[in-house]
Amino acid sequence: MNASRPAPALTPSGAPETRKPLIEMRRIVKTFHTPAGDFHALKGIDLCFYEGEFVAVVGRSGSGKSTLVNMITGIDHPTAGSVFVGEVEIHRLPEGKMSIWRGKNLGIVFQFYQLLPMLTLLENVLLPMDFAGVIPWAQREDRARSLLDLVGLGDEADYLPAEISGGQQQSAAVARALANDPPMIIADEPTGNLDSKTANAVFAIFTRLAGEGKTIIMVTHDNSLARRTGRAVYLSDGGLVNSAGQEARR
Ligand code: ADP
Ligand code: MG
């Protein structure tokens with residue numbers, strides 16, 4: 001482990017934060033090298049997430065939200081800085097180890113569901129279980145069916161994604177994210193493509209999961225949803241700001 005791990009953060013009131021973070025991002029910089037020159041998508045982010053929190057990551061399109069959460073999921077790597085999840089230094093894991101770690105520890109939900117179209121909902125939820133090998137084989141189908149039940153799709157388990165609505169597909173994607181019972185769920189604009197009624201239904205599932213102790217990080221640009229989470233962090237031009245858009249105090 002890294003001996004130069006930085007000092008603990010401050011709470012919003014300026015008091016030292018005494019809880020141990022589950023996710024600890026330190027001085028995260030992400031620079032994309034483009035033909036037009038270097039583009040700094042994240043400009044030195046210090047941010048912690050704690051176990052059991054439901055946190056909204058809010059900001060305009062292009063502010064760096066996806067880039068930020070991709071640093072936690074390991075979908076992308078920081079140019080500089082560190083990301084610890086528990087004792088694991090995510091930014092140092094080679095891709096093979098990363099995908100195994102991710103499969104066991106993270107449930108990821110995307111804006112456009114990313115269900116496999118040729119597989120039934122049941123098969124979509126079984127896939128991560130087969131990949132990670134955490135859930136014993138004999139329990140997998142029952143578990144997949146009960147997860148689909150949990151998100152209100154008990155009767156649709158044998159449907160293909162194209163046979164159900166967008167909101168139902170996103171609910172199925174949430175069930176899939178829960179396949180290996182990960183402690184953390186990372187969702188990138190999970191309601192961005194849904195009408196407000198179905199968005200509320202999907203949001204209610206996240207709220208329930210947070211109540212059960214899961215740590216949930218949800219990117220959104222819907223302020224009304226963000227206000228209903230435990231905490232919101234605001235991004236603007238690759239930096240943290242407060243809710244009024246001013247640069248946040250560290
Ligand atoms: P958000 O999710 O908040 O809409 P992103 O994190 O996707 O924003 O992107 C932040 C900025 O970084 C945007 O200006 C985007 O164009 C830029 N960006 C994202 N990915 C790349 C990339 N692979 N190459 C170059 N620029 C990128
Ligand atoms: Mg995005």
# chains A, B, ... in the order shown; residues from 1 in each chain; ligands from 1
$ residues_around --residues "region 160-174 of chain A" --least-positions-apart "2" --cutoff "9 Å" --atoms "only C-alpha atoms" --output "NGL selection string"
:A and (107-122 or 124-125 or 147-148 or 151-153 or 156-158 or 176-179 or 185 or 187 or 190-191 or 193-195 or 197-199 or 201-202 or 205-206)
$ residues_near_ligand --ligand "ligand 1" --cutoff "7 Å" --atoms "only C-alpha atoms and all ligand atoms" --output "list in words"
Phe32, His33, Thr34, Phe39, Ala41, Gly59, Arg60, Ser61, Gly62, Ser63, Gly64, Lys65, Ser66, Thr67 and Leu68 of chain A
$ closest_residue --among "A:Glu189, A:Glu24, A:Asp155, A:Glu212" --to "Val88 (chain A)" --atoms "only C-alpha atoms"
A:Glu24
$ atom_distance --atom1 "CA of Pro78 (chain A)" --atom2 "CA of Ile23 (chain A)"
14.8 Å
$ select_by_dssp --residues "region 19-203 of chain A" --states "strand (DSSP E)" --output "ChimeraX atom specification"
/A:23-34,37-49,54-58,80-85,88-89,106-109,184-188
$ select_by_dssp --residues "region 171-246 of chain A" --states "alpha helix (DSSP H)" --output "list of chain:residue names"
A:Ser171, A:Ala172, A:Ala173, A:Val174, A:Ala175, A:Arg176, A:Ala177, A:Ser196, A:Lys197, A:Thr198, A:Ala199, A:Asn200, A:Ala201, A:Val202, A:Phe203, A:Ala204, A:Ile205, A:Phe206, A:Thr207, A:Arg208, A:Leu209, A:Ala210, A:Gly211, A:Asn223, A:Ser224, A:Leu225, A:Ala226
$ write_last_selection --atoms "C-alpha atoms" --output "PDB file, in the first residue's frame"
ATOM      1  CA  SER A 171     -34.903  -1.829 -13.660  1.00  0.00           C
ATOM      2  CA  ALA A 172     -33.513  -5.040 -15.151  1.00  0.00           C
ATOM      3  CA  ALA A 173     -30.104  -3.356 -15.412  1.00  0.00           C
ATOM      4  CA  VAL A 174     -30.334  -2.535 -11.701  1.00  0.00           C
ATOM      5  CA  ALA A 175     -31.158  -6.190 -10.975  1.00  0.00           C
ATOM      6  CA  ARG A 176     -28.126  -7.171 -13.046  1.00  0.00           C
ATOM      7  CA  ALA A 177     -25.959  -4.717 -11.091  1.00  0.00           C
ATOM      8  CA  SER A 196     -40.268  11.285 -14.689  1.00  0.00           C
ATOM      9  CA  LYS A 197     -42.613   8.531 -13.513  1.00  0.00           C
ATOM     10  CA  THR A 198     -40.269   5.695 -14.437  1.00  0.00           C
ATOM     11  CA  ALA A 199     -37.293   7.757 -13.271  1.00  0.00           C
ATOM     12  CA  ASN A 200     -38.979   7.936  -9.887  1.00  0.00           C
ATOM     13  CA  ALA A 201     -39.537   4.184  -9.855  1.00  0.00           C
ATOM     14  CA  VAL A 202     -35.866   3.485 -10.590  1.00  0.00           C
ATOM     15  CA  PHE A 203     -34.820   6.109  -8.046  1.00  0.00           C
ATOM     16  CA  ALA A 204     -37.023   4.415  -5.439  1.00  0.00           C
ATOM     17  CA  ILE A 205     -35.099   1.181  -5.971  1.00  0.00           C
ATOM     18  CA  PHE A 206     -31.809   2.998  -5.284  1.00  0.00           C
ATOM     19  CA  THR A 207     -33.280   4.610  -2.179  1.00  0.00           C
ATOM     20  CA  ARG A 208     -34.353   1.212  -0.893  1.00  0.00           C
ATOM     21  CA  LEU A 209     -30.905  -0.281  -1.586  1.00  0.00           C
ATOM     22  CA  ALA A 210     -29.241   2.619   0.237  1.00  0.00           C
ATOM     23  CA  GLY A 211     -31.552   1.911   3.178  1.00  0.00           C
ATOM     24  CA  ASN A 223     -31.533  18.560  -9.307  1.00  0.00           C
ATOM     25  CA  SER A 224     -34.862  17.435  -7.918  1.00  0.00           C
ATOM     26  CA  LEU A 225     -33.554  13.851  -7.683  1.00  0.00           C
ATOM     27  CA  ALA A 226     -30.201  15.017  -6.321  1.00  0.00           C
TER      28      ALA A 226
END
$ atom_distance --atom1 "CA of Asn180 (chain A)" --atom2 "CA of Phe84 (chain A)"
20.9 Å
$ atom_distance --atom1 "CA of Arg145 (chain A)" --atom2 "CA of Val219 (chain A)"
27.4 Å
$ residues_around --residues "Met184 (chain A)" --least-positions-apart "6" --cutoff "8 Å" --atoms "only C-alpha atoms" --output "ChimeraX atom specification"
/A:105-107,214-217
$ closest_residue --among "A:Ala144, A:Ile90, A:Val69, A:Ile45" --to "ligand 2" --atoms "only C-alpha atoms and all ligand atoms"
A:Val69
$ residues_around --residues "Val233 (chain A)" --least-positions-apart "6" --cutoff "12 Å" --atoms "only C-alpha atoms" --output "PyMOL selection string"
chain A and resi 12+45-49+54-59+65+68+217-221+223+226-227+239-245+247-249
$ write_last_selection --atoms "N, CA and C atoms" --output "mmCIF file, in the first residue's frame"
data_model
loop_
_atom_site.group_PDB
_atom_site.id
_atom_site.type_symbol
_atom_site.label_atom_id
_atom_site.label_comp_id
_atom_site.auth_asym_id
_atom_site.auth_seq_id
_atom_site.Cartn_x
_atom_site.Cartn_y
_atom_site.Cartn_z
ATOM 1 N N PRO A 12 -18.048 19.158 5.574
ATOM 2 C CA PRO A 12 -18.440 20.450 4.984
ATOM 3 C C PRO A 12 -18.354 21.601 5.983
ATOM 4 N N ILE A 45 -9.214 16.567 -8.194
ATOM 5 C CA ILE A 45 -10.402 16.316 -7.360
ATOM 6 C C ILE A 45 -9.995 15.582 -6.080
ATOM 7 N N ASP A 46 -10.421 16.130 -4.935
ATOM 8 C CA ASP A 46 -10.318 15.444 -3.643
ATOM 9 C C ASP A 46 -11.732 15.126 -3.193
ATOM 10 N N LEU A 47 -12.045 13.862 -3.069
ATOM 11 C CA LEU A 47 -13.435 13.501 -2.782
ATOM 12 C C LEU A 47 -13.479 12.136 -2.117
ATOM 13 N N CYS A 48 -14.297 12.036 -1.050
ATOM 14 C CA CYS A 48 -14.463 10.753 -0.370
ATOM 15 C C CYS A 48 -15.926 10.349 -0.357
ATOM 16 N N PHE A 49 -16.152 9.059 -0.379
ATOM 17 C CA PHE A 49 -17.494 8.507 -0.220
ATOM 18 C C PHE A 49 -17.436 7.519 0.929
ATOM 19 N N PHE A 54 -25.754 7.517 0.057
ATOM 20 C CA PHE A 54 -26.369 7.654 -1.260
ATOM 21 C C PHE A 54 -25.994 9.058 -1.736
ATOM 22 N N VAL A 55 -25.087 9.149 -2.693
ATOM 23 C CA VAL A 55 -24.541 10.438 -3.112
ATOM 24 C C VAL A 55 -24.887 10.706 -4.575
ATOM 25 N N ALA A 56 -25.358 11.903 -4.836
ATOM 26 C CA ALA A 56 -25.589 12.317 -6.223
ATOM 27 C C ALA A 56 -24.373 13.102 -6.706
ATOM 28 N N VAL A 57 -23.923 12.827 -7.918
ATOM 29 C CA VAL A 57 -22.876 13.627 -8.569
ATOM 30 C C VAL A 57 -23.579 14.438 -9.653
ATOM 31 N N VAL A 58 -23.557 15.763 -9.466
ATOM 32 C CA VAL A 58 -24.386 16.637 -10.277
ATOM 33 C C VAL A 58 -23.513 17.608 -11.072
ATOM 34 N N GLY A 59 -23.929 17.944 -12.253
ATOM 35 C CA GLY A 59 -23.207 18.943 -13.042
ATOM 36 C C GLY A 59 -23.743 18.949 -14.463
ATOM 37 N N LYS A 65 -18.579 14.471 -15.046
ATOM 38 C CA LYS A 65 -19.227 13.485 -14.171
ATOM 39 C C LYS A 65 -18.864 12.048 -14.554
ATOM 40 N N LEU A 68 -15.308 11.269 -13.877
ATOM 41 C CA LEU A 68 -15.081 11.063 -12.444
ATOM 42 C C LEU A 68 -15.476 9.641 -12.020
ATOM 43 N N ILE A 217 -23.572 5.698 -5.686
ATOM 44 C CA ILE A 217 -23.122 6.939 -6.310
ATOM 45 C C ILE A 217 -23.891 7.072 -7.616
ATOM 46 N N MET A 218 -24.675 8.131 -7.716
ATOM 47 C CA MET A 218 -25.541 8.292 -8.872
ATOM 48 C C MET A 218 -25.274 9.616 -9.562
ATOM 49 N N VAL A 219 -24.803 9.544 -10.798
ATOM 50 C CA VAL A 219 -24.644 10.752 -11.602
ATOM 51 C C VAL A 219 -26.013 11.178 -12.123
ATOM 52 N N THR A 220 -26.284 12.468 -12.021
ATOM 53 C CA THR A 220 -27.556 12.943 -12.570
ATOM 54 C C THR A 220 -27.422 14.414 -12.909
ATOM 55 N N HIS A 221 -28.225 14.920 -13.860
ATOM 56 C CA HIS A 221 -28.320 16.374 -13.883
ATOM 57 C C HIS A 221 -29.720 16.832 -13.518
ATOM 58 N N ASN A 223 -31.720 18.035 -10.661
ATOM 59 C CA ASN A 223 -31.533 18.560 -9.307
ATOM 60 C C ASN A 223 -32.596 18.090 -8.327
ATOM 61 N N ALA A 226 -31.413 14.851 -7.129
ATOM 62 C CA ALA A 226 -30.201 15.017 -6.321
ATOM 63 C C ALA A 226 -30.546 15.467 -4.905
ATOM 64 N N ARG A 227 -31.560 16.326 -4.803
ATOM 65 C CA ARG A 227 -31.947 16.819 -3.473
ATOM 66 C C ARG A 227 -32.514 15.718 -2.594
ATOM 67 N N GLY A 239 -13.956 20.590 -11.892
ATOM 68 C CA GLY A 239 -13.632 20.875 -10.486
ATOM 69 C C GLY A 239 -14.873 20.765 -9.616
ATOM 70 N N LEU A 240 -14.672 20.561 -8.316
ATOM 71 C CA LEU A 240 -15.805 20.528 -7.395
ATOM 72 C C LEU A 240 -16.230 21.954 -7.079
ATOM 73 N N VAL A 241 -17.533 22.173 -7.052
ATOM 74 C CA VAL A 241 -18.075 23.475 -6.670
ATOM 75 C C VAL A 241 -19.157 23.232 -5.627
ATOM 76 N N ASN A 242 -19.608 24.291 -4.956
ATOM 77 C CA ASN A 242 -20.751 24.115 -4.067
ATOM 78 C C ASN A 242 -22.036 24.230 -4.886
ATOM 79 N N SER A 243 -23.194 24.089 -4.213
ATOM 80 C CA SER A 243 -24.443 24.019 -4.971
ATOM 81 C C SER A 243 -24.730 25.329 -5.703
ATOM 82 N N ALA A 244 -24.106 26.430 -5.269
ATOM 83 C CA ALA A 244 -24.296 27.703 -5.967
ATOM 84 C C ALA A 244 -23.316 27.862 -7.131
ATOM 85 N N GLY A 245 -22.466 26.860 -7.343
ATOM 86 C CA GLY A 245 -21.560 26.904 -8.483
ATOM 87 C C GLY A 245 -20.220 27.550 -8.182
ATOM 88 N N GLU A 247 -16.432 27.602 -6.397
ATOM 89 C CA GLU A 247 -15.423 26.576 -6.125
ATOM 90 C C GLU A 247 -15.556 26.098 -4.684
ATOM 91 N N ALA A 248 -15.604 24.761 -4.517
ATOM 92 C CA ALA A 248 -15.848 24.219 -3.179
ATOM 93 C C ALA A 248 -14.605 24.326 -2.317
ATOM 94 N N ARG A 249 -14.820 24.547 -1.010
ATOM 95 C CA ARG A 249 -13.691 24.476 -0.072
ATOM 96 C C ARG A 249 -13.299 23.030 0.106
#
$ closest_residue --among "A:Asn70, A:Glu141, A:Leu126, A:Leu93" --to "ligand 2" --atoms "only C-alpha atoms and all ligand atoms"
A:Asn70
$ closest_residue --among "A:Gly192, A:Tyr234, A:Lys97, A:His77" --to "ligand 2" --atoms "only C-alpha atoms and all ligand atoms"
A:Gly192
$ residues_around --residues "Arg26 (chain A)" --least-positions-apart "2" --cutoff "6 Å" --atoms "only C-alpha atoms" --output "ChimeraX atom specification"
/A:28,46,81-82
